[in-house]
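Please read the structure below before turning to the comments.
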Amino acid sequence: MTEVEKLVEACVAGIQEKKGKNIRVVNLENIDDTITKYLVICEGNTPTQVSAIYDSVRVFSREKANMRPSAVDGTRNYLWVAMDYIDVVVHIFVPDAREFYDIDNLWEDADYEEIPDLD
């Protein structure tokens with residue numbers, strides 16, 4: 001497993017720890033001119049849950065992959081938090097914001113992996 005794959009796995013585990021839903025991993029490695037290798041996209045039901053998922057991803061990425069985000073945006077209102085790990089960008093949305101921005105479908109030729117919700 002590569003370091004990038006280990007980071008993706010840690011981010012997904014952090015999301016699942018706080019019951020994040022509709023997790024999608026977008027592999028952009030085979031697409032030219034992308035700014036990252038992977039996107040991890042998920043949602044929380046409320047800004048409070050988005051905040052909890054964000055905190056959990058930070059802990060899991062540090063503990064399991066020894067990585068910290070180089071930049072974070074969206075922690076003022078927790079409607080859409082973006083965590084930039086350079087090779088992996090994690091997007092945590094409330095459902096309305098995810099639907100509105102629709103970043104899931106920007107790269108139709110990418111490989112997608114849907115991660116089942118843990119209930």
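By order in the structure tokens, chains are A, B, ...; within a chain, residues start at 1; ligands start at 1, following the order shown.
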
Inset, instruction - Considering only C-alpha atoms, return as an NGL selection string whatever protein or nucleic-acid residues lie within 9 Å of region 83-87 of chain A, sequence-local ones (same chain, fewer than 2 positions apart) excluded. - result: :A and (4 or 7 or 35-39 or 54 or 58 or 67-74 or 81 or 89-92)

Inset, instruction - For Thr75 (chain A), please output as an MDAnalysis selection string all residues within 10 Å (counting only C-alpha atoms; exclusion window: fewer than 5 positions along the same chain). - result: chainID A and resid 47 50:51 54 80:82

Inset, instruction - Go through A:Ile103, A:Ala65, A:Val59, A:Ile53 and flag the residue nearest Gln16 (chain A), using only C-alpha atoms for the distances. - result: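 Under the stated criterion, the closest residue is A:Ile53.
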
Legend entry - Surrounding residues of Tyr112 (chain A) excluding itself and chain neighbours under 2 positions, 10 Å, only C-alpha atoms, as number ranges by chain: A: 24-28, 38-40, 104-105, 107-110, 114-115

Could you write out that same residue set with all heavy atoms as a tab-separated table (two decimals), in the first residue's frame?
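Final output, saved to part_24.tsv:
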```tsv
chain	number	residue	atom	x	y	z
A	24	ARG	N	-17.39	8.97	-0.99
A	24	ARG	CA	-16.94	8.64	-2.34
A	24	ARG	C	-15.45	8.98	-2.44
A	24	ARG	O	-15.03	10.08	-2.09
A	24	ARG	CB	-17.71	9.43	-3.38
A	24	ARG	CG	-17.22	9.21	-4.80
A	24	ARG	CD	-18.02	9.99	-5.79
A	24	ARG	NE	-19.14	9.15	-6.21
A	24	ARG	CZ	-19.98	9.49	-7.17
A	24	ARG	NH1	-19.87	10.64	-7.78
A	24	ARG	NH2	-20.95	8.68	-7.51
A	25	VAL	N	-14.68	8.02	-2.93
A	25	VAL	CA	-13.26	8.24	-3.18
A	25	VAL	C	-13.10	8.36	-4.69
A	25	VAL	O	-13.51	7.46	-5.44
A	25	VAL	CB	-12.39	7.09	-2.63
A	25	VAL	CG1	-10.93	7.29	-3.00
A	25	VAL	CG2	-12.56	6.98	-1.11
A	26	VAL	N	-12.53	9.47	-5.13
A	26	VAL	CA	-12.33	9.74	-6.55
A	26	VAL	C	-10.84	9.65	-6.83
A	26	VAL	O	-10.04	10.40	-6.28
A	26	VAL	CB	-12.85	11.15	-6.93
A	26	VAL	CG1	-12.71	11.38	-8.43
A	26	VAL	CG2	-14.30	11.32	-6.50
A	27	ASN	N	-10.45	8.69	-7.68
A	27	ASN	CA	-9.06	8.49	-8.04
A	27	ASN	C	-8.76	9.29	-9.30
A	27	ASN	O	-9.29	8.99	-10.37
A	27	ASN	CB	-8.79	7.00	-8.25
A	27	ASN	CG	-7.35	6.70	-8.57
A	27	ASN	OD1	-6.60	7.56	-9.03
A	27	ASN	ND2	-6.95	5.47	-8.34
A	28	LEU	N	-7.91	10.29	-9.17
A	28	LEU	CA	-7.56	11.17	-10.29
A	28	LEU	C	-6.15	10.91	-10.83
A	28	LEU	O	-5.65	11.66	-11.66
A	28	LEU	CB	-7.66	12.64	-9.85
A	28	LEU	CG	-9.01	13.09	-9.33
A	28	LEU	CD1	-8.91	14.48	-8.71
A	28	LEU	CD2	-10.05	13.06	-10.43
A	38	TYR	N	-6.19	12.17	-5.26
A	38	TYR	CA	-7.45	11.62	-4.77
A	38	TYR	C	-8.31	12.71	-4.16
A	38	TYR	O	-7.80	13.63	-3.53
A	38	TYR	CB	-7.22	10.56	-3.68
A	38	TYR	CG	-6.69	9.25	-4.16
A	38	TYR	CD1	-5.32	9.03	-4.29
A	38	TYR	CD2	-7.55	8.20	-4.47
A	38	TYR	CE1	-4.83	7.82	-4.73
A	38	TYR	CE2	-7.07	6.98	-4.90
A	38	TYR	CZ	-5.70	6.80	-5.03
A	38	TYR	OH	-5.23	5.59	-5.47
A	39	LEU	N	-9.61	12.56	-4.33
A	39	LEU	CA	-10.59	13.32	-3.58
A	39	LEU	C	-11.33	12.34	-2.69
A	39	LEU	O	-11.67	11.23	-3.14
A	39	LEU	CB	-11.61	13.98	-4.49
A	39	LEU	CG	-11.13	15.01	-5.50
A	39	LEU	CD1	-12.29	15.47	-6.37
A	39	LEU	CD2	-10.49	16.19	-4.80
A	40	VAL	N	-11.58	12.72	-1.47
A	40	VAL	CA	-12.44	11.95	-0.57
A	40	VAL	C	-13.58	12.90	-0.23
A	40	VAL	O	-13.37	13.97	0.33
A	40	VAL	CB	-11.70	11.49	0.69
A	40	VAL	CG1	-12.65	10.71	1.61
A	40	VAL	CG2	-10.49	10.64	0.33
A	104	ASP	N	-18.77	15.99	-6.98
A	104	ASP	CA	-18.67	14.55	-7.22
A	104	ASP	C	-18.58	14.24	-8.71
A	104	ASP	O	-17.99	13.24	-9.10
A	104	ASP	CB	-19.90	13.81	-6.67
A	104	ASP	CG	-20.01	13.88	-5.16
A	104	ASP	OD1	-20.10	14.99	-4.63
A	104	ASP	OD2	-20.01	12.82	-4.53
A	105	ASN	N	-19.18	15.07	-9.53
A	105	ASN	CA	-19.30	14.75	-10.95
A	105	ASN	C	-18.44	15.62	-11.87
A	105	ASN	O	-18.68	15.67	-13.06
A	105	ASN	CB	-20.77	14.85	-11.36
A	105	ASN	CG	-21.61	13.85	-10.60
A	105	ASN	OD1	-21.31	12.67	-10.58
A	105	ASN	ND2	-22.65	14.33	-9.94
A	107	TRP	N	-15.26	15.15	-12.63
A	107	TRP	CA	-14.33	14.34	-13.41
A	107	TRP	C	-15.02	13.04	-13.80
A	107	TRP	O	-14.86	12.01	-13.18
A	107	TRP	CB	-13.08	14.03	-12.60
A	107	TRP	CG	-12.28	15.26	-12.33
A	107	TRP	CD1	-11.31	15.79	-13.13
A	107	TRP	CD2	-12.36	16.12	-11.19
A	107	TRP	NE1	-10.81	16.93	-12.56
A	107	TRP	CE2	-11.43	17.16	-11.38
A	107	TRP	CE3	-13.15	16.13	-10.04
A	107	TRP	CZ2	-11.24	18.17	-10.44
A	107	TRP	CZ3	-12.97	17.14	-9.13
A	107	TRP	CH2	-12.02	18.15	-9.33
A	108	GLU	N	-15.80	13.08	-14.88
A	108	GLU	CA	-16.59	11.92	-15.27
A	108	GLU	C	-15.73	10.75	-15.73
A	108	GLU	O	-16.18	9.61	-15.71
A	108	GLU	CB	-17.62	12.29	-16.33
A	108	GLU	CG	-17.02	12.85	-17.59
A	108	GLU	CD	-18.07	13.40	-18.53
A	108	GLU	OE1	-19.06	13.98	-18.06
A	108	GLU	OE2	-17.88	13.23	-19.74
A	109	ASP	N	-14.48	11.00	-16.11
A	109	ASP	CA	-13.62	9.91	-16.55
A	109	ASP	C	-12.73	9.38	-15.43
A	109	ASP	O	-11.87	8.53	-15.66
A	109	ASP	CB	-12.76	10.34	-17.75
A	109	ASP	CG	-12.07	11.67	-17.55
A	109	ASP	OD1	-12.41	12.39	-16.59
A	109	ASP	OD2	-11.19	12.00	-18.36
A	110	ALA	N	-12.96	9.82	-14.21
A	110	ALA	CA	-12.20	9.33	-13.06
A	110	ALA	C	-12.76	8.01	-12.57
A	110	ALA	O	-13.90	7.64	-12.86
A	110	ALA	CB	-12.26	10.36	-11.92
A	114	GLU	N	-17.44	3.99	-4.22
A	114	GLU	CA	-18.45	4.32	-3.22
A	114	GLU	C	-18.16	3.49	-1.97
A	114	GLU	O	-18.08	2.27	-2.05
A	114	GLU	CB	-19.85	4.00	-3.75
A	114	GLU	CG	-20.20	4.66	-5.07
A	114	GLU	CD	-20.40	6.16	-4.99
A	114	GLU	OE1	-20.66	6.68	-3.88
A	114	GLU	OE2	-20.30	6.81	-6.04
A	115	ILE	N	-18.03	4.14	-0.83
A	115	ILE	CA	-17.79	3.44	0.42
A	115	ILE	C	-19.12	3.28	1.14
A	115	ILE	O	-19.81	4.28	1.38
A	115	ILE	CB	-16.79	4.24	1.32
A	115	ILE	CG1	-15.54	4.61	0.55
A	115	ILE	CG2	-16.51	3.46	2.60
A	115	ILE	CD1	-14.67	3.46	0.14
```

Inset, instruction - Apply DSSP to the structure's backbone, then extract all residues of chain A labelled strand (DSSP E) and return them as a ChimeraX atom specification. - result: /A:21-27,38-43,71-73,80-84,88-93,111-115

Legend entry - DSSP alpha helix (DSSP H) residues within chain A, as a ChimeraX atom specification: /A:3-17,47-65,95-101

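If you measure from each of A:Asn22, A:Ser56, A:Asn77, A:Ser61 to Cys42 (chain A) using only C-alpha atoms, the closest one turns out to be A:Asn22.
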
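Checking A:Ile23, A:Val94, A:Leu118, A:Leu106 one by one against Val8 (chain A), counting only C-alpha atoms, you find the shortest gap at A:Ile23.
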
Inset, instruction - Take CA of Asp55 (chain A) and CA of Ala97 (chain A) and report the distance between them in Å, one decimal. - result: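 Distance between the two atoms: 19.4 Å.
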
Legend entry - Separation of CA of Val12 (chain A) from CA of Arg76 (chain A) in Å: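 We find that CA of Arg76 (chain A) and CA of Val12 (chain A) lie 22.8 Å from each other.
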
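Residue nearest Thr46 (chain A) within the list A:Asp111, A:Asp96, A:Asp119, A:Asp102: A:Asp96 [criterion: smallest interatomic distance, only C-alpha atoms].
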
Legend entry - Computed interatomic separation between CA of Pro95 (chain A) and CA of Ile31 (chain A) (Å):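 A separation of 27.2 Å between them.
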